[in-house]
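This report refers to the structure that appears directly beneath it.
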Amino acid sequence: MNITLREIDQNNFDEVISLKVEKYCASNLYSLAEAKIFSEAIPLAIYNDDKLVGFIMYGKEPRDNNEYWIDRLMVDEKYQKNGFGKRTLEIVIDKIKQDKTQDKIKISTNPENMVARKLYAKLGFYETGELHGDEVLMILEY
């Protein structure tokens, strides 16, 4: 496995917006529109070697004390259960931790998405007992 994160541009835009996942995640097109409006959002394509396998978006949230959020993570349905999501999160978490002004990362997920909840817990996130909208809020403190 050789996961890299790359910017989304005219060369991979169509492929990124055509990635598919059955449920629990906003469309990548919607996420890219959000990133255009909310300049703090960092949308990235997930590649395994040179094969596009997913999408992630994260950033500092100015409306939430400039805390980091991982807003989206999706691995295309053809590439799930290969560890790509976990490795991508490890990369992004390491990148966020370089910002010494913060000491936690927030993420949320649909309460029914037990795969995501278990993955996030495995990486050190804990459930706060709070909801973010209608999603379970989880925090990683470091």
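Labeling convention for the structure tokens: chains A, B, ... as they appear, residues from 1 per chain, ligands from 1 in order of appearance.
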If you count only C-alpha atoms, which residues fall within 9 Å of range 21-24 of chain A, apart from same-chain ones fewer than 3 positions away, as an mmCIF file with N, CA, C and O atoms, in the first residue's frame?
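Now in selection34.cif:
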data_model
loop_
_atom_site.group_PDB
_atom_site.id
_atom_site.type_symbol
_atom_site.label_atom_id
_atom_site.label_comp_id
_atom_site.auth_asym_id
_atom_site.auth_seq_id
_atom_site.Cartn_x
_atom_site.Cartn_y
_atom_site.Cartn_z
ATOM 1 N N SER A 27 -21.896 13.801 -1.178
ATOM 2 C CA SER A 27 -21.212 13.576 -2.456
ATOM 3 C C SER A 27 -19.917 14.379 -2.501
ATOM 4 O O SER A 27 -19.789 15.431 -1.869
ATOM 5 N N MET A 74 -14.062 9.297 2.419
ATOM 6 C CA MET A 74 -14.758 8.245 1.688
ATOM 7 C C MET A 74 -13.769 7.476 0.845
ATOM 8 O O MET A 74 -12.831 8.035 0.297
ATOM 9 N N VAL A 75 -13.963 6.180 0.827
ATOM 10 C CA VAL A 75 -13.202 5.294 -0.050
ATOM 11 C C VAL A 75 -14.221 4.682 -0.995
ATOM 12 O O VAL A 75 -15.274 4.193 -0.563
ATOM 13 N N ASP A 76 -13.921 4.745 -2.270
ATOM 14 C CA ASP A 76 -14.831 4.195 -3.279
ATOM 15 C C ASP A 76 -15.195 2.755 -2.932
ATOM 16 O O ASP A 76 -14.357 1.988 -2.437
ATOM 17 N N GLU A 77 -16.445 2.406 -3.207
ATOM 18 C CA GLU A 77 -16.953 1.079 -2.835
ATOM 19 C C GLU A 77 -16.107 -0.063 -3.399
ATOM 20 O O GLU A 77 -16.029 -1.130 -2.804
ATOM 21 N N LYS A 78 -15.413 0.157 -4.528
ATOM 22 C CA LYS A 78 -14.576 -0.898 -5.112
ATOM 23 C C LYS A 78 -13.291 -1.138 -4.312
ATOM 24 O O LYS A 78 -12.646 -2.162 -4.482
ATOM 25 N N THR A 109 -19.829 11.198 12.573
ATOM 26 C CA THR A 109 -20.319 10.186 11.646
ATOM 27 C C THR A 109 -21.757 9.823 11.976
ATOM 28 O O THR A 109 -22.226 10.035 13.099
ATOM 29 N N ASN A 110 -22.420 9.263 11.015
ATOM 30 C CA ASN A 110 -23.776 8.765 11.211
ATOM 31 C C ASN A 110 -23.753 7.721 12.327
ATOM 32 O O ASN A 110 -22.886 6.851 12.333
ATOM 33 N N GLU A 112 -25.344 5.122 12.757
ATOM 34 C CA GLU A 112 -25.468 3.751 12.257
ATOM 35 C C GLU A 112 -24.194 3.251 11.577
ATOM 36 O O GLU A 112 -24.074 2.065 11.292
ATOM 37 N N ASN A 113 -23.232 4.141 11.345
ATOM 38 C CA ASN A 113 -22.020 3.764 10.623
ATOM 39 C C ASN A 113 -20.996 3.173 11.609
ATOM 40 O O ASN A 113 -20.019 3.806 11.995
#
Mind checking which residues fall within 8 Å of Val136 in chain A, counting only C-alpha atoms, ignoring those fewer than 3 positions away in the same chain, and posting them as number ranges by chain?
A: 108-111, 127-132
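CA of Met138 in chain A to CA of Thr101 in chain A spans 19.7 Å [interatomic distance, one decimal].
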Close residues, Leu19 in chain A itself excluded, 7 Å, only C-alpha atoms, min 2 positions apart in chain, as a ChimeraX atom specification
/A:15-17,54,76
Emit the selected residues as a PDB file, in the first residue's frame, including C-alpha atoms.
ATOM      1  CA  GLU A  15     -12.831  10.990 -11.584  1.00  0.00           C
ATOM      2  CA  VAL A  16     -13.085  12.340  -8.010  1.00  0.00           C
ATOM      3  CA  ILE A  17     -16.743  13.311  -8.385  1.00  0.00           C
ATOM      4  CA  GLY A  54     -11.065   7.979  -2.328  1.00  0.00           C
ATOM      5  CA  ASP A  76     -14.831   4.195  -3.279  1.00  0.00           C
TER       6      ASP A  76
END
Work out how far apart CA of Ala26 in chain A and CA of Arg72 in chain A are and give it in Å to one decimal.
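Separating CA of Ala26 in chain A from CA of Arg72 in chain A is a distance of 7.8 Å.
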Minimum-distance residue to Asn66 in chain A, chosen among A:Ser18, A:Asn28, A:Gln102, A:Thr4 (using only C-alpha atoms)
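Comparing A:Ser18, A:Asn28, A:Gln102, A:Thr4 against Asn66 in chain A, the winner is A:Gln102.
Among the candidate residues A:Ile107, A:Leu32, A:Ile93, A:Ile70, the one lying nearest to Asp14 in chain A is A:Leu32, with distances computed using only C-alpha atoms.
With distances restricted to only C-alpha atoms, A:Ala116 is the closest residue to Lys81 in chain A from A:Leu52, A:Met57, A:Ala116, A:Leu44.
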